[in-house]
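**Q** To be precise about what I am sending: the file is called final.pdb and holds PDB, C-alpha atoms.
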```pdb
ATOM      1  CA  MET A 263      71.066 108.053  26.881
ATOM      2  CA  LYS A 264      70.544 111.678  27.859
ATOM      3  CA  ILE A 265      72.692 114.620  26.806
ATOM      4  CA  ASP A 266      72.484 117.993  28.576
ATOM      5  CA  LYS A 267      74.228 121.124  27.386
ATOM      6  CA  THR A 268      75.047 123.959  29.794
ATOM      7  CA  ILE A 269      76.672 127.224  28.752
ATOM      8  CA  ASN A 270      78.840 128.875  31.389
ATOM      9  CA  GLY A 271      80.462 132.028  30.019
ATOM     10  CA  ASP A 272      82.630 130.917  27.109
ATOM     11  CA  GLN A 273      82.568 127.334  28.328
ATOM     12  CA  ILE A 274      80.150 124.651  27.202
ATOM     13  CA  ILE A 275      79.555 121.703  29.501
ATOM     14  CA  ILE A 276      78.085 118.523  28.066
ATOM     15  CA  ASN A 277      76.632 116.030  30.547
ATOM     16  CA  VAL A 278      76.250 112.507  29.231
ATOM     17  CA  GLU A 279      74.003 110.090  31.087
ATOM     18  CA  GLY A 280      73.661 106.349  30.369
ATOM     19  CA  HIS A 281      76.022 104.639  27.959
ATOM     20  CA  LEU A 282      77.824 105.441  24.731
ATOM     21  CA  ASP A 283      77.337 102.535  22.362
ATOM     22  CA  THR A 284      76.780 101.962  18.655
ATOM     23  CA  ASN A 285      73.295 103.443  18.793
ATOM     24  CA  THR A 286      73.791 106.363  21.165
ATOM     25  CA  SER A 287      77.257 107.656  20.203
ATOM     26  CA  PRO A 288      76.049 109.330  16.982
ATOM     27  CA  GLN A 289      73.759 111.544  19.115
ATOM     28  CA  LEU A 290      76.726 112.826  21.104
ATOM     29  CA  GLU A 291      78.745 113.212  17.911
ATOM     30  CA  THR A 292      76.009 115.439  16.445
ATOM     31  CA  VAL A 293      75.955 117.651  19.552
ATOM     32  CA  LEU A 294      79.765 117.905  19.635
ATOM     33  CA  ASN A 295      80.004 118.625  15.909
ATOM     34  CA  GLU A 296      77.576 121.528  16.214
ATOM     35  CA  ILE A 297      79.762 123.024  18.930
ATOM     36  CA  LEU A 298      83.121 122.285  17.321
ATOM     37  CA  ASP A 299      82.016 123.596  13.932
ATOM     38  CA  GLY A 300      81.244 126.928  15.592
ATOM     39  CA  ASN A 301      83.508 129.358  17.410
ATOM     40  CA  ARG A 302      83.039 127.956  20.878
ATOM     41  CA  VAL A 303      85.763 125.498  21.602
ATOM     42  CA  ASN A 304      86.135 125.632  25.361
ATOM     43  CA  LEU A 305      84.435 122.363  26.042
ATOM     44  CA  VAL A 306      83.898 120.127  29.059
ATOM     45  CA  ILE A 307      82.400 116.658  28.716
ATOM     46  CA  ASP A 308      81.110 115.500  32.089
ATOM     47  CA  PHE A 309      80.953 111.704  32.349
ATOM     48  CA  SER A 310      79.818 111.503  35.996
ATOM     49  CA  LYS A 311      76.573 109.836  34.881
ATOM     50  CA  LEU A 312      78.112 107.740  32.121
ATOM     51  CA  GLU A 313      77.925 104.030  32.889
ATOM     52  CA  TYR A 314      80.306 102.799  30.164
ATOM     53  CA  LEU A 315      81.394 103.363  26.593
ATOM     54  CA  SER A 316      82.203 101.014  23.737
ATOM     55  CA  SER A 317      84.409 101.564  20.661
ATOM     56  CA  ALA A 318      81.666 103.672  19.043
ATOM     57  CA  GLY A 319      81.986 106.087  21.970
ATOM     58  CA  LEU A 320      85.766 106.077  21.542
ATOM     59  CA  ARG A 321      85.315 107.004  17.888
ATOM     60  CA  THR A 322      83.205 110.005  18.933
ATOM     61  CA  LEU A 323      85.846 111.149  21.442
ATOM     62  CA  LEU A 324      88.664 110.729  18.916
ATOM     63  CA  THR A 325      86.823 112.863  16.351
ATOM     64  CA  ALA A 326      86.029 115.533  18.957
ATOM     65  CA  GLN A 327      89.632 115.708  20.179
ATOM     66  CA  LYS A 328      90.989 115.932  16.614
ATOM     67  CA  LYS A 329      88.586 118.782  15.805
ATOM     68  CA  THR A 330      89.467 120.555  19.045
ATOM     69  CA  ASN A 331      93.163 120.317  18.195
ATOM     70  CA  GLU A 332      92.554 121.724  14.705
ATOM     71  CA  VAL A 333      91.015 124.892  16.107
ATOM     72  CA  VAL A 334      93.491 125.026  19.014
ATOM     73  CA  GLY A 335      90.625 124.667  21.444
ATOM     74  CA  ASN A 336      90.246 123.109  24.822
ATOM     75  CA  LEU A 337      88.470 119.827  25.608
ATOM     76  CA  VAL A 338      88.411 118.389  29.115
ATOM     77  CA  ILE A 339      86.705 115.154  30.112
ATOM     78  CA  LYS A 340      85.577 115.110  33.722
ATOM     79  CA  HIS A 341      84.418 112.575  36.308
ATOM     80  CA  VAL A 342      85.332 109.345  34.564
ATOM     81  CA  ASN A 343      84.223 106.184  36.397
ATOM     82  CA  PRO A 344      86.551 103.144  36.765
ATOM     83  CA  THR A 345      84.960 101.194  33.865
ATOM     84  CA  VAL A 346      85.296 104.115  31.451
ATOM     85  CA  MET A 347      88.821 104.856  32.700
ATOM     86  CA  GLU A 348      89.874 101.261  32.110
ATOM     87  CA  VAL A 349      88.637 101.433  28.505
ATOM     88  CA  LEU A 350      90.453 104.754  27.941
ATOM     89  CA  LYS A 351      93.674 103.337  29.400
ATOM     90  CA  LEU A 352      93.490  99.970  27.574
ATOM     91  CA  THR A 353      93.098 101.697  24.221
ATOM     92  CA  GLY A 354      95.727 104.379  24.822
ATOM     93  CA  PHE A 355      93.098 107.142  24.633
ATOM     94  CA  SER A 356      94.099 108.388  28.093
ATOM     95  CA  GLU A 357      97.396 109.476  26.483
ATOM     96  CA  PHE A 358      95.851 112.145  24.272
ATOM     97  CA  LEU A 359      92.601 113.044  26.028
ATOM     98  CA  THR A 360      92.641 115.556  28.867
ATOM     99  CA  ILE A 361      90.999 113.800  31.801
ATOM    100  CA  ASP A 362      90.241 115.681  35.006
ATOM    101  CA  ASN A 363      88.946 113.385  37.725
ATOM    102  CA  ASP A 364      89.191 115.821  40.653
TER
ATOM    103  CA  MET B 248      61.857  74.333  28.560
ATOM    104  CA  LYS B 249      60.200  77.699  29.025
ATOM    105  CA  PHE B 250      59.493  80.136  26.176
ATOM    106  CA  ILE B 251      58.933  83.788  26.836
ATOM    107  CA  HIS B 252      57.824  85.964  23.924
ATOM    108  CA  LEU B 253      58.306  89.705  24.061
ATOM    109  CA  ASN B 254      57.662  91.543  20.789
ATOM    110  CA  ASP B 255      59.784  89.747  18.177
ATOM    111  CA  THR B 256      62.249  88.557  20.774
ATOM    112  CA  ILE B 257      62.285  84.990  22.016
ATOM    113  CA  TYR B 258      63.747  84.115  25.375
ATOM    114  CA  ILE B 259      64.330  80.477  26.208
ATOM    115  CA  HIS B 260      65.272  78.976  29.530
ATOM    116  CA  LYS B 261      66.420  75.386  29.314
ATOM    117  CA  ILE B 262      68.463  72.873  31.251
ATOM    118  CA  GLU B 263      71.351  71.167  29.486
ATOM    119  CA  GLY B 264      73.644  68.834  31.434
ATOM    120  CA  GLY B 265      72.246  70.180  34.667
ATOM    121  CA  ILE B 266      73.104  73.770  33.712
ATOM    122  CA  LEU B 267      70.453  76.440  33.278
ATOM    123  CA  LEU B 268      70.998  78.215  29.974
ATOM    124  CA  LYS B 269      69.340  81.489  29.111
ATOM    125  CA  GLU B 270      68.980  82.333  25.434
ATOM    126  CA  ILE B 271      67.795  85.284  23.469
ATOM    127  CA  THR B 272      67.332  85.257  19.700
ATOM    128  CA  ILE B 273      66.910  88.601  17.987
ATOM    129  CA  PRO B 274      67.148  90.035  14.477
ATOM    130  CA  ALA B 275      70.729  91.241  13.976
ATOM    131  CA  GLU B 276      69.780  94.904  13.656
ATOM    132  CA  LYS B 277      71.515  97.645  15.591
ATOM    133  CA  ASN B 278      68.313  98.969  17.159
ATOM    134  CA  ASN B 279      67.887  95.655  19.009
ATOM    135  CA  LEU B 280      70.847  96.373  21.254
ATOM    136  CA  ASP B 281      68.481  97.571  23.975
ATOM    137  CA  SER B 282      66.797  94.138  24.029
ATOM    138  CA  LEU B 283      70.206  92.607  24.694
ATOM    139  CA  HIS B 284      70.889  95.111  27.467
ATOM    140  CA  LYS B 285      67.606  94.206  29.150
ATOM    141  CA  PHE B 286      68.357  90.518  28.793
ATOM    142  CA  ILE B 287      71.792  90.946  30.391
ATOM    143  CA  ASP B 288      70.502  93.164  33.202
ATOM    144  CA  ASN B 289      67.838  90.619  33.904
ATOM    145  CA  GLU B 290      70.281  87.699  34.019
ATOM    146  CA  LEU B 291      73.177  89.332  35.844
ATOM    147  CA  LYS B 292      71.167  91.031  38.560
ATOM    148  CA  ASN B 293      71.032  87.703  40.390
ATOM    149  CA  TYR B 294      74.792  87.149  40.229
ATOM    150  CA  ASP B 295      77.142  88.277  42.918
ATOM    151  CA  CYS B 296      79.054  90.723  40.725
ATOM    152  CA  THR B 297      79.866  94.417  40.647
ATOM    153  CA  LYS B 298      78.226  96.994  38.417
ATOM    154  CA  GLU B 299      81.641  97.452  36.770
ATOM    155  CA  PHE B 300      81.544  93.767  35.830
ATOM    156  CA  ILE B 301      78.070  94.159  34.310
ATOM    157  CA  SER B 302      79.266  97.211  32.355
ATOM    158  CA  GLN B 303      82.200  95.224  30.985
ATOM    159  CA  ILE B 304      79.873  92.407  29.904
ATOM    160  CA  LYS B 305      77.710  94.999  28.149
ATOM    161  CA  ILE B 306      80.735  96.452  26.343
ATOM    162  CA  ILE B 307      81.623  92.942  25.095
ATOM    163  CA  VAL B 308      78.045  92.349  23.942
ATOM    164  CA  ASP B 309      77.883  95.797  22.279
ATOM    165  CA  GLU B 310      81.014  95.143  20.270
ATOM    166  CA  ILE B 311      80.131  91.624  19.127
ATOM    167  CA  PHE B 312      76.510  92.482  18.308
ATOM    168  CA  SER B 313      77.620  95.607  16.476
ATOM    169  CA  ASN B 314      79.989  93.512  14.319
ATOM    170  CA  ILE B 315      77.337  90.903  13.576
ATOM    171  CA  SER B 316      74.627  93.447  12.761
ATOM    172  CA  SER B 317      77.013  95.367  10.473
ATOM    173  CA  TYR B 318      78.819  92.596   8.636
ATOM    174  CA  ALA B 319      77.395  89.095   9.146
ATOM    175  CA  TYR B 320      74.534  89.127   6.679
ATOM    176  CA  THR B 321      74.766  90.168   3.062
ATOM    177  CA  SER B 322      71.733  91.704   1.378
ATOM    178  CA  ASN B 323      71.076  88.527  -0.635
ATOM    179  CA  TYR B 324      70.933  86.285   2.450
ATOM    180  CA  SER B 325      67.435  84.838   2.373
ATOM    181  CA  GLY B 326      67.046  83.237   5.821
ATOM    182  CA  PRO B 327      66.281  84.989   9.101
ATOM    183  CA  LYS B 328      69.096  87.410   9.903
ATOM    184  CA  ASN B 329      69.269  86.546  13.571
ATOM    185  CA  MET B 330      71.779  86.434  16.361
ATOM    186  CA  LYS B 331      71.454  84.118  19.332
ATOM    187  CA  LEU B 332      73.078  84.954  22.638
ATOM    188  CA  THR B 333      73.273  82.276  25.323
ATOM    189  CA  ILE B 334      74.391  83.164  28.811
ATOM    190  CA  ASN B 335      75.167  80.924  31.752
ATOM    191  CA  HIS B 336      77.538  80.919  34.673
ATOM    192  CA  ASP B 337      79.218  78.855  37.337
ATOM    193  CA  SER B 338      80.460  80.032  40.704
ATOM    194  CA  ASP B 339      83.185  82.308  39.351
ATOM    195  CA  LYS B 340      82.705  82.687  35.585
ATOM    196  CA  VAL B 341      80.145  83.967  33.100
ATOM    197  CA  PHE B 342      79.889  82.258  29.720
ATOM    198  CA  LEU B 343      78.578  84.077  26.667
ATOM    199  CA  LYS B 344      77.899  82.324  23.358
ATOM    200  CA  PHE B 345      77.110  84.340  20.222
ATOM    201  CA  GLU B 346      75.768  82.526  17.158
ATOM    202  CA  ASP B 347      74.872  83.803  13.714
ATOM    203  CA  SER B 348      74.357  82.205  10.301
ATOM    204  CA  GLY B 349      76.156  84.913   8.356
ATOM    205  CA  VAL B 350      79.370  84.826   6.357
ATOM    206  CA  PRO B 351      82.208  83.015   8.149
ATOM    207  CA  TYR B 352      84.136  85.583  10.144
ATOM    208  CA  ASN B 353      86.700  84.977  12.845
ATOM    209  CA  PRO B 354      87.010  88.217  14.818
ATOM    210  CA  LEU B 355      90.087  86.878  16.616
ATOM    211  CA  LEU B 356      92.046  87.218  13.376
ATOM    212  CA  SER B 357      91.450  90.966  13.207
ATOM    213  CA  GLU B 358      94.618  92.973  13.580
ATOM    214  CA  SER B 359      95.138  94.729  16.899
ATOM    215  CA  PRO B 360      95.372  98.509  16.682
ATOM    216  CA  ASP B 361      98.648 100.236  17.515
ATOM    217  CA  ILE B 362      97.623 101.977  20.714
ATOM    218  CA  THR B 363     100.906 103.855  20.980
ATOM    219  CA  LEU B 364     100.278 106.025  17.904
ATOM    220  CA  SER B 365      99.707 109.754  18.307
ATOM    221  CA  ILE B 366      96.195 111.156  18.000
ATOM    222  CA  GLU B 367      96.829 112.331  14.423
ATOM    223  CA  GLU B 368      97.764 108.808  13.372
ATOM    224  CA  ARG B 369      95.084 106.982  15.324
ATOM    225  CA  ASN B 370      92.035 105.544  13.661
ATOM    226  CA  ILE B 371      89.231 103.531  15.107
ATOM    227  CA  GLY B 372      89.661 100.237  13.232
ATOM    228  CA  GLY B 373      89.936  97.101  15.329
ATOM    229  CA  LEU B 374      89.317  98.816  18.664
ATOM    230  CA  GLY B 375      86.075  96.943  19.321
ATOM    231  CA  ILE B 376      87.590  93.478  19.115
ATOM    232  CA  PHE B 377      90.695  94.737  20.914
ATOM    233  CA  LEU B 378      88.459  95.780  23.828
ATOM    234  CA  VAL B 379      86.637  92.430  23.805
ATOM    235  CA  LYS B 380      89.957  90.558  23.956
ATOM    236  CA  ASN B 381      91.171  92.693  26.845
ATOM    237  CA  LEU B 382      87.954  92.483  28.846
ATOM    238  CA  SER B 383      87.590  88.693  28.439
ATOM    239  CA  ASP B 384      89.483  85.840  30.050
ATOM    240  CA  ASN B 385      88.997  83.381  27.208
ATOM    241  CA  ILE B 386      87.615  83.617  23.659
ATOM    242  CA  ASP B 387      87.000  80.772  21.269
ATOM    243  CA  TYR B 388      85.747  80.950  17.676
ATOM    244  CA  LYS B 389      84.498  78.157  15.474
ATOM    245  CA  TYR B 390      82.473  77.862  12.289
ATOM    246  CA  GLU B 391      80.178  74.856  12.444
ATOM    247  CA  GLN B 392      77.181  73.773  10.405
ATOM    248  CA  GLY B 393      76.900  77.147   8.739
ATOM    249  CA  LYS B 394      77.214  79.092  11.953
ATOM    250  CA  ASN B 395      79.728  81.471  13.455
ATOM    251  CA  ILE B 396      80.022  80.491  17.101
ATOM    252  CA  LEU B 397      81.940  82.783  19.419
ATOM    253  CA  THR B 398      82.292  81.737  23.047
ATOM    254  CA  ILE B 399      83.573  84.146  25.663
ATOM    255  CA  ILE B 400      84.434  83.427  29.272
ATOM    256  CA  LYS B 401      84.792  86.180  31.826
ATOM    257  CA  LYS B 402      85.748  85.617  35.434
ATOM    258  CA  ILE B 403      83.374  87.226  37.877
ATOM    259  CA  SER B 404      84.990  90.004  39.853
ATOM    260  CA  SER B 405      83.114  90.965  42.968
TER
END
```
Kindly return the structure encoded in the file as structure tokens.
**A**
Amino acid sequence: MKIDKTINGDQIIINVEGHLDTNTSPQLETVLNEILDGNRVNLVIDFSKLEYLSSAGLRTLLTAQKKTNEVVGNLVIKHVNPTVMEVLKLTGFSEFLTIDND
Amino acid sequence: MKFIHLNDTIYIHKIEGGILLKEITIPAEKNNLDSLHKFIDNELKNYDCTKEFISQIKIIVDEIFSNISSYAYTSNYSGPKNMKLTINHDSDKVFLKFEDSGVPYNPLLSESPDITLSIEERNIGGLGIFLVKNLSDNIDYKYEQGKNILTIIKKISS
């Protein structure tokens, strides 16, 4: 898995490439925690190069969304492929995540 | 029967009842997940299935292997702490068989998460098996001769 961080004004864009599984999700969690523990909370996670995610990836997203809510921040997940979308819908995560597929 | 050794991983190709079975036996340690991914890529690339289908198979394998590597073997288990995955297929289905010699554990008995709860009330427990159940067409568990045997059938979508 590859994680790229781009800063665009007050917005941070995280690009995730590959898959979010038991082994790789902690890497994303570390990156997100560093951001969410700071002042910057205008966050975009770009999944256009994400192949799939398992429950470990869901755990990471749940934690990130909870932290974002605590600091009244903004977290948008972009470019979700059909496999990832199905997992988010099946588990009800699509109800509380902000997903922008345009 | 053909044996292929790659590091500490053993691949076996054998014919049973006219069906070609592909097996991989690996130590049940989380960092071996990549070996399973390679094995699956290698097997499924010849099937007429979509990349979404392959991703769903990988999610299933991730979840089951993650459970086995986390919980199957206690620290005082003295034998090899392995997991065996067998894969085969017919014209419209893929069959996955997971075997380990750890403590008896039927994942089908795990409670399904309440997916209607709000984010504040949500926790992550049970989501892995919940996903496996939803992405599979049939799951069967049995404990036989000291082994957990989980068989999963998934219809090929193309």
**Q** With a distance threshold of 12 Å and counting only C-alpha atoms, extract the residues of chain B near chain A and express them as a PDB file with C-alpha atoms, keeping the file's coordinate frame.
**A**
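Writing done, so here's part-v3.pdb:
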```
ATOM      1  CA  GLU B 276      69.780  94.904  13.656  1.00  0.00           C
ATOM      2  CA  LYS B 277      71.515  97.645  15.591  1.00  0.00           C
ATOM      3  CA  ASN B 278      68.313  98.969  17.159  1.00  0.00           C
ATOM      4  CA  ASN B 279      67.887  95.655  19.009  1.00  0.00           C
ATOM      5  CA  LEU B 280      70.847  96.373  21.254  1.00  0.00           C
ATOM      6  CA  ASP B 281      68.481  97.571  23.975  1.00  0.00           C
ATOM      7  CA  HIS B 284      70.889  95.111  27.467  1.00  0.00           C
ATOM      8  CA  THR B 297      79.866  94.417  40.647  1.00  0.00           C
ATOM      9  CA  LYS B 298      78.226  96.994  38.417  1.00  0.00           C
ATOM     10  CA  GLU B 299      81.641  97.452  36.770  1.00  0.00           C
ATOM     11  CA  PHE B 300      81.544  93.767  35.830  1.00  0.00           C
ATOM     12  CA  ILE B 301      78.070  94.159  34.310  1.00  0.00           C
ATOM     13  CA  SER B 302      79.266  97.211  32.355  1.00  0.00           C
ATOM     14  CA  GLN B 303      82.200  95.224  30.985  1.00  0.00           C
ATOM     15  CA  ILE B 304      79.873  92.407  29.904  1.00  0.00           C
ATOM     16  CA  LYS B 305      77.710  94.999  28.149  1.00  0.00           C
ATOM     17  CA  ILE B 306      80.735  96.452  26.343  1.00  0.00           C
ATOM     18  CA  ILE B 307      81.623  92.942  25.095  1.00  0.00           C
ATOM     19  CA  VAL B 308      78.045  92.349  23.942  1.00  0.00           C
ATOM     20  CA  ASP B 309      77.883  95.797  22.279  1.00  0.00           C
ATOM     21  CA  GLU B 310      81.014  95.143  20.270  1.00  0.00           C
ATOM     22  CA  ILE B 311      80.131  91.624  19.127  1.00  0.00           C
ATOM     23  CA  PHE B 312      76.510  92.482  18.308  1.00  0.00           C
ATOM     24  CA  SER B 313      77.620  95.607  16.476  1.00  0.00           C
ATOM     25  CA  ASN B 314      79.989  93.512  14.319  1.00  0.00           C
ATOM     26  CA  SER B 316      74.627  93.447  12.761  1.00  0.00           C
ATOM     27  CA  SER B 317      77.013  95.367  10.473  1.00  0.00           C
ATOM     28  CA  SER B 359      95.138  94.729  16.899  1.00  0.00           C
ATOM     29  CA  PRO B 360      95.372  98.509  16.682  1.00  0.00           C
ATOM     30  CA  ASP B 361      98.648 100.236  17.515  1.00  0.00           C
ATOM     31  CA  ILE B 362      97.623 101.977  20.714  1.00  0.00           C
ATOM     32  CA  THR B 363     100.906 103.855  20.980  1.00  0.00           C
ATOM     33  CA  LEU B 364     100.278 106.025  17.904  1.00  0.00           C
ATOM     34  CA  SER B 365      99.707 109.754  18.307  1.00  0.00           C
ATOM     35  CA  ILE B 366      96.195 111.156  18.000  1.00  0.00           C
ATOM     36  CA  GLU B 367      96.829 112.331  14.423  1.00  0.00           C
ATOM     37  CA  GLU B 368      97.764 108.808  13.372  1.00  0.00           C
ATOM     38  CA  ARG B 369      95.084 106.982  15.324  1.00  0.00           C
ATOM     39  CA  ASN B 370      92.035 105.544  13.661  1.00  0.00           C
ATOM     40  CA  ILE B 371      89.231 103.531  15.107  1.00  0.00           C
ATOM     41  CA  GLY B 372      89.661 100.237  13.232  1.00  0.00           C
ATOM     42  CA  GLY B 373      89.936  97.101  15.329  1.00  0.00           C
ATOM     43  CA  LEU B 374      89.317  98.816  18.664  1.00  0.00           C
ATOM     44  CA  GLY B 375      86.075  96.943  19.321  1.00  0.00           C
ATOM     45  CA  ILE B 376      87.590  93.478  19.115  1.00  0.00           C
ATOM     46  CA  PHE B 377      90.695  94.737  20.914  1.00  0.00           C
ATOM     47  CA  LEU B 378      88.459  95.780  23.828  1.00  0.00           C
ATOM     48  CA  VAL B 379      86.637  92.430  23.805  1.00  0.00           C
ATOM     49  CA  LYS B 380      89.957  90.558  23.956  1.00  0.00           C
ATOM     50  CA  ASN B 381      91.171  92.693  26.845  1.00  0.00           C
ATOM     51  CA  LEU B 382      87.954  92.483  28.846  1.00  0.00           C
TER      52      LEU B 382
END
```
**Q** I need the residue nearest Asn270 (chain A) from this list: A:Val342, A:Val293, A:Leu305, A:Ala326. Use only C-alpha atoms for the distance.
**A**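 Going through A:Val342, A:Val293, A:Leu305, A:Ala326 one by one, the smallest distance to Asn270 (chain A) is for A:Leu305.
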**Q** Quote the spacing between CA of Ser383 (chain B) and CA of Lys402 (chain B) in Å to one decimal place.
**A**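 Going from CA of Ser383 (chain B) over to CA of Lys402 (chain B), I get 7.9 Å.
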**Q** Excluding same-chain residues fewer than 6 positions from Asp362 (chain A), what lies within 12 Å of it counting all atoms listed in the file, as a CSV table (one decimal) with C-alpha atoms, keeping the file's coordinate frame?
**A**
```
chain,number,residue,atom,x,y,z
A,306,VAL,CA,83.9,120.1,29.1
A,307,ILE,CA,82.4,116.7,28.7
A,308,ASP,CA,81.1,115.5,32.1
A,309,PHE,CA,81.0,111.7,32.3
A,310,SER,CA,79.8,111.5,36.0
A,337,LEU,CA,88.5,119.8,25.6
A,338,VAL,CA,88.4,118.4,29.1
A,339,ILE,CA,86.7,115.2,30.1
A,340,LYS,CA,85.6,115.1,33.7
A,341,HIS,CA,84.4,112.6,36.3
A,342,VAL,CA,85.3,109.3,34.6
A,343,ASN,CA,84.2,106.2,36.4
A,347,MET,CA,88.8,104.9,32.7
A,356,SER,CA,94.1,108.4,28.1
```
**Q** What would the selection look like, as a PyMOL selection string, if the PyMOL selection byres ((chain B and resi 346-352) around 7) were run on the coordinates I just shared?
**A** chain B and resi 319-320+329-332+344-345+353-354+390+393-397
**Q** Expand the PyMOL selection byres ((chain A and resi 276) around 7) into the individual residues it matches in the shown file, reporting them as a tab-separated table (two decimals) with C-alpha atoms, in the coordinates of the input.
**A**
```tsv
chain	number	residue	atom	x	y	z
A	265	ILE	CA	72.69	114.62	26.81
A	266	ASP	CA	72.48	117.99	28.58
A	267	LYS	CA	74.23	121.12	27.39
A	268	THR	CA	75.05	123.96	29.79
A	274	ILE	CA	80.15	124.65	27.20
A	275	ILE	CA	79.56	121.70	29.50
A	277	ASN	CA	76.63	116.03	30.55
A	278	VAL	CA	76.25	112.51	29.23
A	306	VAL	CA	83.90	120.13	29.06
A	307	ILE	CA	82.40	116.66	28.72
A	308	ASP	CA	81.11	115.50	32.09
```
**Q** Calculate how many Å separate CA of Ile287 (chain B) from CA of Gln392 (chain B), rounding to one decimal.
**A** 26.9 Å
**Q** Output the residue selection produced by the PyMOL selection byres ((chain B and resi 337) around 10) on the file above, formatted as a list in words.
**A** Ile266, Leu267, Tyr294, Asn335, His336, Ser338, Asp339, Lys340, Val341, Phe342, Lys402 and Ile403 of chain B
**Q** With 6 Å added on each side, what axis-aligned box encloses every listed atom of region 361-364 of chain A? Give the centre and edge lengths in Å to one decimal, as JSON.
**A**
```
{"center_x": 90.0, "center_y": 114.6, "center_z": 36.2, "size_x": 14.1, "size_y": 14.4, "size_z": 20.9}
```
**Q** What does the structure give for the distance between CA of Ile315 (chain B) and CA of Lys401 (chain B), in Å to one decimal?
**A** 20.3 Å
**Q** Near Asn295 (chain A), counting only C-alpha atoms, which residues have an atom at most 12 Å away, once you skip same-chain residues fewer than 3 positions from it, shown as a ChimeraX atom specification?
**A** /A:288-292,298-303,305,322-323,325-330
